[in-house]
>>> print(open('run27.pdb').read())   # PDB, C-alpha atoms
MODEL        1
ATOM      1  CA  MET A   1      -8.866 -23.400   5.020
ATOM      2  CA  PRO A   2     -10.092 -19.812   5.498
ATOM      3  CA  THR A   3     -13.063 -19.087   7.704
ATOM      4  CA  ARG A   4     -16.331 -17.766   6.297
ATOM      5  CA  GLY A   5     -15.008 -14.218   6.399
ATOM      6  CA  GLY A   6     -11.357 -15.102   5.816
ATOM      7  CA  GLN A   7      -8.425 -14.469   8.126
ATOM      8  CA  GLY A   8      -7.391 -11.183   6.573
ATOM      9  CA  PRO A   9      -6.133 -10.726   3.028
ATOM     10  CA  PRO A  10      -2.663 -11.997   2.183
ATOM     11  CA  ALA A  11      -0.250  -9.807   0.288
ATOM     12  CA  VAL A  12      -1.203  -9.395  -3.351
ATOM     13  CA  LYS A  13       1.027  -8.906  -6.349
ATOM     14  CA  PRO A  14       2.197  -5.547  -7.722
ATOM     15  CA  ARG A  15       0.087  -3.366  -9.977
ATOM     16  CA  MET A  16      -0.613  -4.703 -13.448
ATOM     17  CA  GLU A  17      -0.405  -2.022 -16.132
ATOM     18  CA  PRO A  18      -3.002  -1.745 -18.930
ATOM     19  CA  SER A  19      -0.256  -2.606 -21.411
ATOM     20  CA  ASP A  20       0.254  -5.907 -19.580
ATOM     21  CA  VAL A  21      -3.451  -6.698 -19.842
ATOM     22  CA  SER A  22      -3.493  -5.765 -23.521
ATOM     23  CA  ARG A  23      -0.565  -8.071 -24.175
ATOM     24  CA  LEU A  24      -2.329 -10.958 -22.400
ATOM     25  CA  LEU A  25      -5.480 -10.372 -24.463
ATOM     26  CA  GLN A  26      -3.431 -10.519 -27.645
ATOM     27  CA  GLU A  27      -1.368 -13.546 -26.595
ATOM     28  CA  THR A  28      -4.445 -15.586 -25.602
ATOM     29  CA  GLY A  29      -6.585 -14.604 -28.601
ATOM     30  CA  ALA A  30      -9.181 -12.972 -26.345
ATOM     31  CA  LEU A  31      -9.854  -9.947 -28.573
ATOM     32  CA  LEU A  32     -12.187 -11.020 -31.396
ATOM     33  CA  SER A  33     -13.235  -9.290 -34.614
ATOM     34  CA  GLY A  34     -16.599  -9.717 -36.373
ATOM     35  CA  HIS A  35     -20.162  -8.437 -35.936
ATOM     36  CA  PHE A  36     -21.327  -9.130 -32.393
ATOM     37  CA  LEU A  37     -24.648  -8.921 -30.588
ATOM     38  CA  LEU A  38     -23.832  -7.813 -27.059
ATOM     39  CA  SER A  39     -25.905  -8.698 -23.998
ATOM     40  CA  SER A  40     -26.950  -5.023 -23.890
ATOM     41  CA  GLY A  41     -28.607  -5.419 -27.309
ATOM     42  CA  LEU A  42     -25.990  -3.216 -28.975
ATOM     43  CA  HIS A  43     -23.833  -4.338 -31.902
ATOM     44  CA  SER A  44     -20.038  -4.170 -31.995
ATOM     45  CA  PRO A  45     -17.206  -4.959 -34.436
ATOM     46  CA  GLN A  46     -15.066  -6.374 -31.636
ATOM     47  CA  TYR A  47     -15.631  -8.520 -28.577
ATOM     48  CA  VAL A  48     -13.441  -9.343 -25.603
ATOM     49  CA  GLN A  49     -13.785 -13.047 -24.865
ATOM     50  CA  CYS A  50     -12.070 -13.159 -21.479
ATOM     51  CA  ALA A  51     -12.701 -16.893 -21.222
ATOM     52  CA  ARG A  52      -9.855 -17.344 -23.695
ATOM     53  CA  LEU A  53      -7.517 -15.612 -21.264
ATOM     54  CA  LEU A  54      -8.972 -17.240 -18.155
ATOM     55  CA  GLN A  55      -8.549 -20.748 -19.583
ATOM     56  CA  PHE A  56      -4.892 -20.424 -18.576
ATOM     57  CA  PRO A  57      -4.684 -20.729 -14.761
ATOM     58  CA  SER A  58      -1.462 -18.726 -14.506
ATOM     59  CA  ALA A  59      -3.023 -15.830 -16.458
ATOM     60  CA  ALA A  60      -6.245 -16.045 -14.447
ATOM     61  CA  GLU A  61      -4.304 -15.939 -11.185
ATOM     62  CA  ARG A  62      -2.288 -12.970 -12.403
ATOM     63  CA  VAL A  63      -5.223 -10.793 -13.445
ATOM     64  CA  GLY A  64      -7.291 -11.816 -10.414
ATOM     65  CA  SER A  65      -4.495 -10.911  -8.040
ATOM     66  CA  ALA A  66      -3.938  -7.587  -9.799
ATOM     67  CA  LEU A  67      -7.636  -6.712  -9.602
ATOM     68  CA  ALA A  68      -7.675  -7.673  -5.925
ATOM     69  CA  ALA A  69      -4.757  -5.311  -5.369
ATOM     70  CA  GLN A  70      -6.640  -2.451  -7.023
ATOM     71  CA  LEU A  71      -9.707  -3.124  -4.893
ATOM     72  CA  ARG A  72      -7.593  -3.076  -1.748
ATOM     73  CA  ARG A  73      -6.096   0.248  -2.795
ATOM     74  CA  LEU A  74      -9.664   1.567  -2.914
ATOM     75  CA  GLY A  75     -10.109   0.401   0.679
ATOM     76  CA  ALA A  76     -12.523  -2.380  -0.284
ATOM     77  CA  LEU A  77     -12.132  -5.228   2.215
ATOM     78  CA  PRO A  78     -14.993  -7.653   1.602
ATOM     79  CA  GLN A  79     -16.049 -10.826   3.353
ATOM     80  CA  VAL A  80     -17.285 -12.275   0.064
ATOM     81  CA  VAL A  81     -16.759 -11.717  -3.661
ATOM     82  CA  VAL A  82     -19.836 -12.138  -5.880
ATOM     83  CA  ALA A  83     -20.043 -12.376  -9.669
ATOM     84  CA  PRO A  84     -22.836 -12.861 -12.185
ATOM     85  CA  ALA A  85     -22.589 -16.159 -14.053
ATOM     86  CA  ILE A  86     -20.950 -17.129 -16.253
ATOM     87  CA  GLY A  87     -18.266 -14.723 -17.326
ATOM     88  CA  GLY A  88     -17.412 -13.347 -13.912
ATOM     89  CA  ILE A  89     -17.081 -16.640 -12.038
ATOM     90  CA  LEU A  90     -13.400 -17.329 -12.678
ATOM     91  CA  VAL A  91     -12.548 -13.678 -12.098
ATOM     92  CA  ALA A  92     -14.369 -13.733  -8.761
ATOM     93  CA  HIS A  93     -12.639 -16.962  -7.785
ATOM     94  CA  GLU A  94      -9.169 -15.533  -8.370
ATOM     95  CA  VAL A  95      -9.979 -12.188  -6.722
ATOM     96  CA  ALA A  96     -11.382 -14.012  -3.701
ATOM     97  CA  ARG A  97      -8.323 -16.245  -3.544
ATOM     98  CA  ALA A  98      -6.034 -13.200  -3.482
ATOM     99  CA  LEU A  99      -8.144 -11.493  -0.807
ATOM    100  CA  GLY A 100      -8.488 -14.619   1.321
ATOM    101  CA  VAL A 101     -12.299 -14.658   1.293
ATOM    102  CA  ARG A 102     -14.999 -16.810  -0.225
ATOM    103  CA  CYS A 103     -16.503 -16.569  -3.713
ATOM    104  CA  ILE A 104     -20.077 -17.131  -4.842
ATOM    105  CA  PHE A 105     -22.056 -16.277  -7.967
ATOM    106  CA  THR A 106     -25.530 -15.267  -9.058
ATOM    107  CA  GLU A 107     -27.378 -16.818 -11.969
ATOM    108  CA  ARG A 108     -30.704 -16.437 -13.686
ATOM    109  CA  GLU A 109     -33.765 -18.413 -12.688
ATOM    110  CA  GLN A 110     -36.879 -17.738 -14.779
ATOM    111  CA  GLY A 111     -35.202 -14.593 -16.045
ATOM    112  CA  GLU A 112     -34.373 -13.174 -12.603
ATOM    113  CA  MET A 113     -30.888 -12.925 -11.133
ATOM    114  CA  THR A 114     -30.684 -14.875  -7.887
ATOM    115  CA  LEU A 115     -28.467 -16.958  -5.620
ATOM    116  CA  ARG A 116     -28.800 -20.722  -5.997
ATOM    117  CA  ARG A 117     -26.815 -23.837  -4.997
ATOM    118  CA  GLY A 118     -27.141 -23.072  -1.299
ATOM    119  CA  PHE A 119     -25.171 -19.830  -1.537
ATOM    120  CA  GLU A 120     -25.974 -17.262   1.134
ATOM    121  CA  ILE A 121     -24.939 -13.738   2.049
ATOM    122  CA  THR A 122     -25.149 -12.642   5.656
ATOM    123  CA  PRO A 123     -26.773  -9.301   6.508
ATOM    124  CA  ARG A 124     -24.231  -6.474   6.925
ATOM    125  CA  GLU A 125     -21.494  -8.400   5.123
ATOM    126  CA  ASN A 126     -19.234  -6.304   2.928
ATOM    127  CA  VAL A 127     -19.368  -7.523  -0.667
ATOM    128  CA  VAL A 128     -17.356  -6.841  -3.801
ATOM    129  CA  VAL A 129     -19.032  -7.583  -7.139
ATOM    130  CA  VAL A 130     -16.707  -8.443 -10.013
ATOM    131  CA  GLU A 131     -17.099  -9.019 -13.750
ATOM    132  CA  ASP A 132     -14.860  -9.949 -16.634
ATOM    133  CA  VAL A 133     -16.081  -7.085 -18.851
ATOM    134  CA  ILE A 134     -18.388  -4.198 -17.970
ATOM    135  CA  THR A 135     -20.138  -2.452 -20.869
ATOM    136  CA  THR A 136     -23.468  -1.067 -19.664
ATOM    137  CA  GLY A 137     -23.278  -2.502 -16.136
ATOM    138  CA  GLY A 138     -26.672  -4.175 -16.425
ATOM    139  CA  SER A 139     -25.790  -7.596 -14.988
ATOM    140  CA  THR A 140     -23.610  -5.929 -12.354
ATOM    141  CA  ARG A 141     -26.546  -3.827 -11.130
ATOM    142  CA  GLU A 142     -28.746  -6.930 -11.047
ATOM    143  CA  THR A 143     -26.158  -8.715  -8.913
ATOM    144  CA  MET A 144     -25.877  -5.676  -6.641
ATOM    145  CA  GLY A 145     -29.642  -5.869  -6.258
ATOM    146  CA  VAL A 146     -29.413  -9.488  -5.122
ATOM    147  CA  VAL A 147     -26.799  -8.507  -2.539
ATOM    148  CA  ALA A 148     -29.088  -5.760  -1.235
ATOM    149  CA  GLN A 149     -31.923  -8.267  -0.841
ATOM    150  CA  TYR A 150     -29.781 -10.098   1.720
ATOM    151  CA  GLY A 151     -29.145  -6.927   3.693
ATOM    152  CA  ALA A 152     -25.470  -6.810   2.731
ATOM    153  CA  GLN A 153     -23.469  -3.887   1.363
ATOM    154  CA  VAL A 154     -21.618  -3.668  -1.951
ATOM    155  CA  VAL A 155     -18.458  -1.731  -1.102
ATOM    156  CA  ALA A 156     -16.904  -1.810  -4.578
ATOM    157  CA  VAL A 157     -17.170  -3.221  -8.092
ATOM    158  CA  GLY A 158     -14.246  -4.581 -10.083
ATOM    159  CA  ALA A 159     -13.722  -5.705 -13.665
ATOM    160  CA  LEU A 160     -10.873  -6.917 -15.806
ATOM    161  CA  ILE A 161     -12.003  -4.708 -18.702
ATOM    162  CA  ASP A 162     -14.035  -1.498 -18.563
ATOM    163  CA  ARG A 163     -15.810  -1.023 -21.890
ATOM    164  CA  SER A 164     -18.347   1.428 -20.506
ATOM    165  CA  GLY A 165     -16.606   4.615 -21.579
ATOM    166  CA  GLY A 166     -17.615   6.073 -18.230
ATOM    167  CA  ARG A 167     -21.308   5.327 -18.796
ATOM    168  CA  ALA A 168     -21.677   2.537 -16.231
ATOM    169  CA  ASP A 169     -22.257   4.681 -13.147
ATOM    170  CA  LEU A 170     -22.688   2.032 -10.462
ATOM    171  CA  GLY A 171     -22.805   4.312  -7.437
ATOM    172  CA  VAL A 172     -19.869   2.643  -5.671
ATOM    173  CA  ARG A 173     -16.093   2.601  -5.942
ATOM    174  CA  PHE A 174     -14.945   0.976  -9.158
ATOM    175  CA  ALA A 175     -11.665  -0.600 -10.275
ATOM    176  CA  ALA A 176     -10.665  -2.073 -13.634
ATOM    177  CA  LEU A 177      -7.374  -3.347 -14.955
ATOM    178  CA  MET A 178      -7.909  -1.754 -18.346
ATOM    179  CA  ALA A 179     -10.295   0.625 -20.091
ATOM    180  CA  LEU A 180     -10.991  -0.408 -23.666
ATOM    181  CA  THR A 181     -12.838   1.739 -26.182
ATOM    182  CA  ILE A 182     -14.616  -0.332 -28.829
ATOM    183  CA  PRO A 183     -17.387   1.123 -31.025
ATOM    184  CA  THR A 184     -20.943   0.027 -30.340
ATOM    185  CA  TYR A 185     -24.024   0.668 -32.450
ATOM    186  CA  HIS A 186     -27.741   0.616 -31.868
ATOM    187  CA  PRO A 187     -29.220  -1.946 -34.282
ATOM    188  CA  ALA A 188     -30.970   0.763 -36.320
ATOM    189  CA  ASP A 189     -27.683   2.615 -36.805
ATOM    190  CA  CYS A 190     -25.302  -0.329 -37.170
ATOM    191  CA  LEU A 191     -22.787   0.130 -39.984
ATOM    192  CA  LEU A 192     -22.059  -3.602 -40.008
ATOM    193  CA  CYS A 193     -25.724  -4.428 -40.551
ATOM    194  CA  ARG A 194     -25.829  -2.009 -43.471
ATOM    195  CA  ALA A 195     -22.753  -3.684 -44.936
ATOM    196  CA  GLY A 196     -24.412  -7.099 -44.688
ATOM    197  CA  VAL A 197     -21.914  -8.558 -42.218
ATOM    198  CA  PRO A 198     -23.571 -11.541 -40.463
ATOM    199  CA  LEU A 199     -24.581 -10.800 -36.876
ATOM    200  CA  VAL A 200     -23.677 -13.437 -34.305
ATOM    201  CA  LYS A 201     -23.871 -13.787 -30.551
ATOM    202  CA  PRO A 202     -20.440 -14.390 -28.959
ATOM    203  CA  GLY A 203     -19.801 -18.033 -28.268
ATOM    204  CA  SER A 204     -21.806 -19.312 -31.231
ATOM    205  CA  ARG A 205     -18.950 -19.263 -33.744
ATOM    206  CA  THR A 206     -15.188 -19.136 -34.051
ATOM    207  CA  PHE A 207     -13.799 -15.696 -34.821
ATOM    208  CA  LYS A 208     -10.530 -14.163 -35.915
ATOM    209  CA  SER A 209      -8.314 -12.910 -33.107
ATOM    210  CA  THR A 210      -6.817  -9.446 -33.493
TER     211      THR A 210
ENDMDL
END
>>> encode(input="run27.pdb", output="structure tokens")
Amino acid sequence: MPTRGGQGPPAVKPRMEPSDVSRLLQETGALLSGHFLLSSGLHSPQYVQCARLLQFPSAAERVGSALAAQLRRLGALPQVVVAPAIGGILVAHEVARALGVRCIFTEREQGEMTLRRGFEITPRENVVVVEDVITTGGSTRETMGVVAQYGAQVVAVGALIDRSGGRADLGVRFAALMALTIPTYHPADCLLCRAGVPLVKPGSRTFKST
């Protein structure tokens, strides 16, 4: 059993190429097609449902270990890995496992991101925040804000998929296994809305995998 800060990170697996990640997304049906309302309020014709990939423990371990390796190459050596619920929890768990540290998550309470369930962060701890997919970085920044409230330092951010197109400037070192460019539309300019394609929030229906 590791201590609160871990006993030093064990060796992690070799680099995972973007083509490997793309193949896993395809094989697990994690890339969906439709008309999606994103958490940012934007609309998109595609959505990456990483939960479909992460449902397979061997795949989750593989991507988590690869992301941990990238974070270590950046020099990020945290005492704790933090993720916003729900999508980032399994990612954080596997990254923390590979780094030999503990994993906790933030969640919303009355609309505000916070730590619950007895989770704590010690002042001056080094923290890595991880997500499954980063688009605008909104929930990541909220989680970083929670970390700051505890007097700890976010030394890096990691994600399985970077959908930001370089727009999610988080102010810290950033690692992602794969950058994915998928069109997004403001509701007033959405081509799918104009075409009458039903708008749905991911998770509310079953969609075609691409």
>>> residues_around(input="run27.pdb", residues="stretch 61-65 of chain A", least_positions_apart="3", cutoff="8 Å", atoms="all atoms listed in the file", output="list in words")
Val12, Lys13, Met16, Val21, Pro57, Ser58, Ala68, Ala69, Val91, Ala92, His93, Glu94, Val95, Arg97, Ala98, Leu160 and Leu177 of chain A
>>> resolve_selection(input="run27.pdb", expression="the PyMOL selection byres ((chain A and resi 106) around 10)", output="PyMOL selection string")
chain A and resi 82-86+88-89+104-105+107-109+112-117+119+139+142-144+146-147
>>> closest_residue(input="run27.pdb", among="A:Ala176, A:Ala51, A:Ile161, A:Ala96", to="A:Gly29", atoms="all atoms listed in the file")
A:Ala51
>>> atom_distance(input="run27.pdb", atom1="atom CA of A:Ala76", atom2="atom CA of A:Asn126")
8.4 Å
>>> residues_near_point(input="run27.pdb", point="(-24.3, 0.3, -17.1)", cutoff="8 Å", atoms="all atoms listed in the file", output="compact mmCIF listing (two decimals) with C-alpha atoms, keeping the file's coordinate frame")
# COMPACT_ATOMS: atom_id res chain seq x y z
CA ILE A 134 -18.39 -4.20 -17.97
CA THR A 135 -20.14 -2.45 -20.87
CA THR A 136 -23.47 -1.07 -19.66
CA GLY A 137 -23.28 -2.50 -16.14
CA GLY A 138 -26.67 -4.18 -16.42
CA THR A 140 -23.61 -5.93 -12.35
CA ARG A 141 -26.55 -3.83 -11.13
CA SER A 164 -18.35 1.43 -20.51
CA ARG A 167 -21.31 5.33 -18.80
CA ALA A 168 -21.68 2.54 -16.23
CA ASP A 169 -22.26 4.68 -13.15
CA LEU A 170 -22.69 2.03 -10.46
>>> resolve_selection(input="run27.pdb", expression="the PyMOL selection byres ((chain A and resi 174) around 8)", output="JSON list (two decimals) with C-alpha atoms, keeping the file's coordinate frame")
[["chain", "number", "residue", "atom", "x", "y", "z"],
["A", 71, "LEU", "CA", -9.71, -3.12, -4.89],
["A", 156, "ALA", "CA", -16.90, -1.81, -4.58],
["A", 157, "VAL", "CA", -17.17, -3.22, -8.09],
["A", 158, "GLY", "CA", -14.25, -4.58, -10.08],
["A", 170, "LEU", "CA", -22.69, 2.03, -10.46],
["A", 172, "VAL", "CA", -19.87, 2.64, -5.67],
["A", 173, "ARG", "CA", -16.09, 2.60, -5.94],
["A", 175, "ALA", "CA", -11.66, -0.60, -10.28],
["A", 176, "ALA", "CA", -10.66, -2.07, -13.63]]
